[in-house]
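K.L.:
Got data32.csv for you, CSV, C-alpha atoms:
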```
chain,number,residue,atom,x,y,z
A,1,MET,CA,32.0,26.8,6.1
A,2,ALA,CA,28.9,28.0,4.4
A,3,THR,CA,26.0,30.2,5.5
A,4,THR,CA,22.3,29.9,4.9
A,5,ALA,CA,22.7,32.4,2.0
A,6,ASP,CA,24.8,29.7,0.2
A,7,PHE,CA,22.1,27.0,0.3
A,8,ARG,CA,21.1,25.4,-3.0
A,9,ASN,CA,19.3,22.2,-3.9
A,10,GLY,CA,21.6,19.2,-4.0
A,11,MET,CA,24.1,20.8,-1.6
A,12,CYS,CA,25.5,18.4,1.0
A,13,ILE,CA,25.9,19.6,4.6
A,14,ASP,CA,27.3,18.0,7.8
A,15,LEU,CA,24.7,18.4,10.6
A,16,GLU,CA,25.5,16.8,14.0
A,17,GLY,CA,27.9,14.3,12.5
A,18,GLN,CA,25.4,13.1,9.8
A,19,TYR,CA,25.5,14.0,6.1
A,20,TYR,CA,22.3,15.6,4.5
A,21,PHE,CA,21.4,16.6,1.0
A,22,ILE,CA,19.2,19.8,0.7
A,23,VAL,CA,16.1,18.7,-1.1
A,24,GLU,CA,14.5,22.1,-1.0
A,25,PHE,CA,14.8,25.4,0.9
A,26,LEU,CA,12.9,28.6,1.3
A,27,HIS,CA,14.1,32.0,2.6
A,28,VAL,CA,11.4,33.5,4.8
A,29,LYS,CA,11.4,37.2,5.8
A,30,PRO,CA,8.3,37.7,8.0
A,31,GLY,CA,7.0,41.2,8.6
A,32,LYS,CA,8.0,41.1,12.2
A,33,GLY,CA,11.1,39.3,13.6
A,34,ALA,CA,14.3,37.9,12.1
A,35,ALA,CA,14.6,36.1,8.7
A,36,PHE,CA,15.0,32.4,8.6
A,37,VAL,CA,15.4,29.5,6.2
A,38,ARG,CA,13.0,26.6,6.1
A,39,THR,CA,14.6,23.4,4.6
A,40,LYS,CA,13.9,19.8,3.8
A,41,LEU,CA,17.0,17.6,4.2
A,42,ARG,CA,17.5,14.0,3.1
A,43,ASN,CA,19.8,11.9,5.2
A,44,VAL,CA,22.4,10.2,3.0
A,45,THR,CA,22.6,6.9,4.9
A,46,THR,CA,18.9,6.4,5.8
A,47,GLY,CA,17.2,8.3,3.1
A,48,ARG,CA,14.8,9.9,5.6
A,49,ILE,CA,13.5,13.4,5.1
A,50,LEU,CA,14.1,15.9,7.9
A,51,GLU,CA,12.5,19.4,8.1
A,52,LYS,CA,14.7,21.9,9.8
A,53,THR,CA,14.6,25.6,10.2
A,54,PHE,CA,17.8,27.7,10.4
A,55,ASN,CA,18.1,31.3,11.5
A,56,SER,CA,19.4,33.5,8.7
A,57,GLY,CA,23.2,33.8,8.5
A,58,VAL,CA,23.9,30.6,10.5
A,59,ARG,CA,27.1,28.8,9.5
A,60,VAL,CA,27.0,25.1,8.5
A,61,ASP,CA,29.7,22.7,7.4
A,62,GLU,CA,29.5,22.1,3.7
A,63,VAL,CA,30.6,18.6,2.5
A,64,ARG,CA,32.6,18.6,-0.7
A,65,ILE,CA,31.3,15.9,-3.1
A,66,GLU,CA,32.8,14.5,-6.3
A,67,ARG,CA,30.7,12.9,-8.9
A,68,ARG,CA,32.3,10.0,-10.9
A,69,PRO,CA,30.8,7.7,-13.5
A,70,PHE,CA,30.8,4.0,-12.6
A,71,GLN,CA,29.7,1.0,-14.6
A,72,TYR,CA,27.6,-1.8,-13.1
A,73,LEU,CA,29.2,-5.2,-13.4
A,74,TYR,CA,27.5,-7.8,-11.2
A,75,GLN,CA,25.8,-8.5,-7.9
A,76,ASP,CA,27.0,-10.8,-5.1
A,77,ASP,CA,26.6,-11.1,-1.3
A,78,MET,CA,28.6,-7.9,-0.7
A,79,GLY,CA,26.3,-5.8,-2.8
A,80,TYR,CA,26.3,-4.4,-6.3
A,81,ASN,CA,29.8,-4.3,-7.8
A,82,PHE,CA,30.8,-1.3,-9.9
A,83,MET,CA,33.9,-0.3,-11.9
A,84,ASN,CA,35.2,3.2,-12.1
A,85,THR,CA,35.3,4.0,-15.8
A,86,GLU,CA,38.5,6.2,-15.5
A,87,THR,CA,40.7,4.1,-13.1
A,88,PHE,CA,39.1,0.6,-13.6
A,89,GLU,CA,38.9,0.2,-9.8
A,90,GLN,CA,36.1,-2.1,-8.6
A,91,ILE,CA,34.0,-1.3,-5.6
A,92,PRO,CA,30.9,-2.8,-4.0
A,93,ILE,CA,27.9,-0.5,-3.2
A,94,PRO,CA,25.0,-1.7,-1.0
A,95,ALA,CA,21.5,-1.6,-2.5
A,96,GLU,CA,20.3,1.0,0.0
A,97,GLN,CA,22.7,3.6,-1.5
A,98,ILE,CA,21.5,3.1,-5.1
A,99,GLU,CA,18.5,5.1,-6.1
A,100,GLY,CA,16.3,3.1,-8.6
A,101,VAL,CA,18.3,-0.2,-8.0
A,102,GLN,CA,15.4,-2.4,-9.2
A,103,PHE,CA,16.0,-1.0,-12.8
A,104,LEU,CA,19.7,-1.6,-12.8
A,105,LYS,CA,21.1,-4.0,-15.5
A,106,GLU,CA,24.6,-5.1,-16.4
A,107,GLY,CA,26.6,-2.5,-18.2
A,108,ASP,CA,24.5,0.5,-17.0
A,109,LEU,CA,26.4,3.7,-16.1
A,110,VAL,CA,25.6,5.4,-12.8
A,111,GLU,CA,26.8,8.6,-11.2
A,112,VAL,CA,28.4,7.9,-7.8
A,113,GLN,CA,28.7,10.7,-5.3
A,114,ILE,CA,31.9,10.4,-3.2
A,115,HIS,CA,32.9,12.4,-0.2
A,116,ALA,CA,36.0,14.3,-1.4
A,117,GLU,CA,38.1,14.2,1.8
A,118,SER,CA,37.4,10.7,3.1
A,119,GLY,CA,36.6,8.9,-0.2
A,120,THR,CA,33.5,7.3,1.2
A,121,ILE,CA,30.6,6.6,-1.1
A,122,LEU,CA,27.5,8.6,-0.3
A,123,THR,CA,25.0,7.6,-3.1
A,124,ALA,CA,24.7,6.2,-6.6
A,125,GLU,CA,22.2,7.8,-8.9
A,126,MET,CA,20.8,6.0,-11.9
A,127,PRO,CA,20.0,7.9,-15.1
A,128,THR,CA,16.5,9.4,-14.9
A,129,HIS,CA,15.2,7.2,-17.7
A,130,VAL,CA,16.2,3.7,-18.8
A,131,VAL,CA,15.1,1.5,-21.7
A,132,LEU,CA,14.0,-2.0,-20.6
A,133,GLN,CA,12.5,-5.0,-22.4
A,134,ILE,CA,9.2,-6.4,-21.3
A,135,THR,CA,9.7,-10.1,-20.3
A,136,TYR,CA,6.2,-10.9,-19.2
A,137,THR,CA,2.8,-9.3,-19.5
A,138,GLU,CA,-0.8,-10.3,-20.3
A,139,PRO,CA,-1.3,-10.0,-24.1
A,140,GLY,CA,-3.0,-6.9,-25.4
A,141,VAL,CA,-6.3,-7.2,-27.2
A,142,ARG,CA,-7.1,-5.3,-30.4
A,143,GLY,CA,-9.0,-2.1,-29.5
A,144,ASP,CA,-7.6,-1.7,-26.0
A,145,THR,CA,-6.1,1.7,-26.8
A,146,ALA,CA,-9.3,3.6,-26.2
A,147,THR,CA,-9.0,3.8,-22.4
A,148,ASN,CA,-6.1,5.0,-20.3
A,149,THR,CA,-6.0,1.7,-18.3
A,150,LEU,CA,-2.7,0.2,-17.1
A,151,LYS,CA,-1.7,-3.4,-16.6
A,152,PRO,CA,1.3,-4.9,-14.7
A,153,ALA,CA,4.4,-6.0,-16.7
A,154,THR,CA,7.7,-7.5,-15.7
A,155,VAL,CA,10.8,-6.0,-17.2
A,156,GLU,CA,14.2,-7.7,-17.9
A,157,THR,CA,15.6,-6.7,-14.4
A,158,GLY,CA,12.7,-8.4,-12.6
A,159,ALA,CA,11.0,-5.2,-11.6
A,160,GLU,CA,7.2,-4.7,-12.1
A,161,VAL,CA,6.0,-1.6,-14.1
A,162,ARG,CA,2.5,-0.5,-14.9
A,163,VAL,CA,2.1,-0.2,-18.7
A,164,PRO,CA,-0.7,0.6,-21.1
A,165,LEU,CA,-2.9,-2.3,-22.4
A,166,PHE,CA,-1.4,-2.1,-25.9
A,167,ILE,CA,2.2,-3.0,-24.7
A,168,ASN,CA,3.1,-6.6,-25.5
A,169,GLU,CA,5.8,-9.1,-24.4
A,170,GLY,CA,9.2,-8.4,-26.1
A,171,GLU,CA,8.7,-4.7,-26.6
A,172,LYS,CA,11.0,-2.1,-25.2
A,173,VAL,CA,9.7,0.7,-22.9
A,174,ARG,CA,11.3,3.8,-21.3
A,175,VAL,CA,10.9,3.8,-17.5
A,176,ASP,CA,11.4,6.7,-15.1
A,177,THR,CA,13.9,5.3,-12.4
A,178,ARG,CA,12.8,7.9,-9.8
A,179,THR,CA,9.1,6.9,-9.7
A,180,GLY,CA,9.1,3.5,-11.6
A,181,ALA,CA,6.5,4.9,-14.0
A,182,TYR,CA,6.1,4.0,-17.7
A,183,VAL,CA,7.1,6.9,-19.9
A,184,GLU,CA,6.8,5.6,-23.5
A,185,ARG,CA,7.3,2.7,-25.9
A,186,VAL,CA,10.6,2.6,-27.7
A,187,LYS,CA,10.8,1.6,-31.3
A,188,GLU,CA,14.2,0.4,-32.6
```
Would you mind writing the structure in this file as structure tokens?
P.N.:
Amino acid sequence: MATTADFRNGMCIDLEGQYYFIVEFLHVKPGKGAAFVRTKLRNVTTGRILEKTFNSGVRVDEVRIERRPFQYLYQDDMGYNFMNTETFEQIPIPAEQIEGVQFLKEGDLVEVQIHAESGTILTAEMPTHVVLQITYTEPGVRGDTATNTLKPATVETGAEVRVPLFINEGEKVRVDTRTGAYVERVKE
């Protein structure tokens, strides 16, 4: 059991039989009346954001979570198959539970959050940035670097990313998996 004083970003709580991650919280002490905590909670299974206000000092059930590294192997009709890098056990994870799944390629490491008591998988988080090769984009023209215009490009995983005009086919770019935005060109 935890109280509202123990709230922190990323904490997982059990609320009415559902698991929620605390996205953000704010302790409020108005001039008149009792203190309270305003929170934004993300449902683990649906991903929906819920805004909830707790009275200060209210007890909530904290869910203990373990983070383990898993390596992506392949995709089939059961979902995306991963291997635990410590025990070599293989498990399927549905696409809805993987954040940034459109940028996932074979051999990538993800951090899987597992409920400690029951062993159920809550979410799988990709690294914040991945390096991907451009497989198709319109060719850049000399002198296109003057403006800050973006063009669509397809990366090796099949996802579409908006890149600057000077990026050409075959080049590698760093992509933010949370937003799907181009970060920089990678020289190797």
K.L.:
Determine the nearest neighbour of Glu62 in chain A from the options A:Glu156, A:Glu99, A:Glu184, A:Asp6, counting all atoms listed in the file.
P.N.:
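Going through A:Glu156, A:Glu99, A:Glu184, A:Asp6 one by one, the smallest distance to Glu62 in chain A is for A:Asp6.
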K.L.:
Determine, for each residue of range 102-140 of chain A having at least one atom at most 12 Å from an atom of range 75-86 of chain A, the closest pair of atoms and their separation in Å to one decimal, counting only C-alpha atoms; order by chain and ascending number, as JSON lines.
P.N.:
```
{"residue": "A:Gln102", "atom": "CA", "partner": "A:Tyr80", "partner_atom": "CA", "distance": 11.5}
{"residue": "A:Leu104", "atom": "CA", "partner": "A:Tyr80", "partner_atom": "CA", "distance": 9.7}
{"residue": "A:Lys105", "atom": "CA", "partner": "A:Gln75", "partner_atom": "CA", "distance": 10.0}
{"residue": "A:Glu106", "atom": "CA", "partner": "A:Gln75", "partner_atom": "CA", "distance": 9.2}
{"residue": "A:Gly107", "atom": "CA", "partner": "A:Phe82", "partner_atom": "CA", "distance": 9.4}
{"residue": "A:Asp108", "atom": "CA", "partner": "A:Phe82", "partner_atom": "CA", "distance": 9.7}
{"residue": "A:Leu109", "atom": "CA", "partner": "A:Thr85", "partner_atom": "CA", "distance": 8.9}
{"residue": "A:Val110", "atom": "CA", "partner": "A:Phe82", "partner_atom": "CA", "distance": 9.0}
{"residue": "A:Glu111", "atom": "CA", "partner": "A:Asn84", "partner_atom": "CA", "distance": 10.0}
{"residue": "A:Val112", "atom": "CA", "partner": "A:Asn84", "partner_atom": "CA", "distance": 9.3}
{"residue": "A:Ile114", "atom": "CA", "partner": "A:Asn84", "partner_atom": "CA", "distance": 11.9}
{"residue": "A:Ile121", "atom": "CA", "partner": "A:Phe82", "partner_atom": "CA", "distance": 11.8}
{"residue": "A:Ala124", "atom": "CA", "partner": "A:Phe82", "partner_atom": "CA", "distance": 10.2}
```
K.L.:
Here is a test: counting all atoms listed in the file, which residue of A:Glu89, A:Glu66, A:Asp61, A:Asp14 is nearest to Thr123 in chain A?
P.N.:
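Result for the nearest residue to Thr123 in chain A: A:Glu66.
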K.L.:
Up to 10 Å from (25.4, 11.8, 5.2) in the file's coordinates: name the residues, counting all atoms listed in the file, as number ranges by chain.
P.N.:
A: 12-15, 17-21, 42-47, 63, 115, 121-123
K.L.:
Could you state the separation of CA of Pro139 in chain A and CA of Glu169 in chain A in Å, given to one decimal place?
P.N.:
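Computing it gives 7.2 Å between the two atoms.
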K.L.:
Which one is closest to Ile49 in chain A: A:Glu24, A:Lys32, A:Ala181, A:Glu125? Count only C-alpha atoms.
P.N.:
A:Glu24
K.L.:
Extract, using all atoms listed in the file, all DNA, RNA and protein residues at most 10 Å from Val161 in chain A, discarding same-chain residues fewer than 5 positions from it, and format them as number ranges by chain.
P.N.:
A: 134, 137, 150-155, 173, 175-176, 180-182
K.L.:
Restricting the calculation to only C-alpha atoms: of A:Val131, A:Val183, A:Ile65, A:Val28, which residue gets closest to Ala116 in chain A?
P.N.:
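Of the candidates, the smallest distance to Ala116 in chain A is held by A:Ile65.
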K.L.:
Taking into account only C-alpha atoms, which residue in the set A:Arg64, A:Arg59, A:Arg185, A:Arg178 is nearest to Leu165 in chain A?
P.N.:
A:Arg185
K.L.:
Taking all atoms listed in the file into account, name the residue in A:Thr177, A:Val163, A:Tyr74, A:Ser56 that is nearest to Gly33 in chain A.
P.N.:
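For Gly33 in chain A, the nearest of the given residues is A:Ser56.
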K.L.:
Could you tell me how far CA of Lys40 in chain A lies from CA of Phe25 in chain A, in Å and to one decimal?
P.N.:
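Spanning CA of Lys40 in chain A to CA of Phe25 in chain A is a straight-line distance of 6.4 Å.
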